[in-house]
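Q: First, the structure itself, so that you have it in front of you.
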Amino acid sequence: MEGGQQYNPRTVEEVFRDFKGRRAGLIKALTTDVEEFYQQCDPEKENLCLYGFPSEQWEVNLPAEEVPPELPEPALGINFARDGMQEKDWLSLVAVHSDAWLLAVAFYFGARFGFDRADRRRLFNMINDLPTIFEVVSGTAKKQSKEKSSMSNHSSTKSKSNSKVAQRGSELPPKYSRPQPKDEDEDGLEEEEDDEQGETLCGACGENYASDEFWICCDICEKWFHGKCVKITPARAEHIKQYKCPACSNKRART
């Protein structure tokens, strides 16, 4: 398979890096590349699987021929259910099976290379700190933080230094932004909003906000994205009147 060169991560950090790479590829398939993924999952084809690779790439392909396979295999036949379900439900189903597969691969490496109880616990905690693919795809990872941010609408103020910077959850989200925390000397309510701001997750890769990265907000679904995940640069964003993320653009194209 393309991008499927096997290597054997032997430490907790290496296994977690492998997990994150595969996870990023799977999230890409189910979000930013969802149109291409949907088309590749033709129900008329044989049993197909969705693979994620450490290189953050994904592939829809037939299952491995060797028995037993070198690594645990993802769910088989994801294409057969595509046309029998609502697209949203089908993507959520694939996401759940992808989460299970990622855990199977990670702990396969742990078992193979003799991780002890402490190593297994540390690996699980590192994995558990990330939202699941299902949470990213379904939007549940952001539900709680969105509910919190709605409390701030009545007290929204203009930024002192950058009018382009605003909080997630405002009624009129900015076209692009780096979601930044507010000044440390603001009152308790705004400090709570700072905490919520730190929980900003990219709608494509599911990673947390980092202050040195460019982010852009979709004007349709109001999800935040790393610019690099949706291939938007700050210079390009300056000329976008209404930004639509790949998922929202694809939905409109199919309707």
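Chain identifiers are assigned as A, B, and so on, following the order in which chains appear in the structure tokens; residues are numbered from 1 within each chain, and ligands are numbered from 1 in order of appearance.
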Range 3-94 of chain A: which residues are strand (DSSP E or B) by DSSP, as a VMD selection string?
A: chain A and resid 49 to 52 58 to 61
Q: Can you pull out the residues contacting Glu135 in chain A? Cut-off 12 Å, using only C-alpha atoms, and skip same-chain residues under 2 positions away; I want them as JSON, numbers by chain.
A: {"A": [27, 30, 31, 91, 92, 93, 95, 96, 98, 99, 130, 131, 132, 133, 137, 138, 139, 140, 141, 142, 143, 144, 201, 202, 203, 204, 205, 206, 207]}
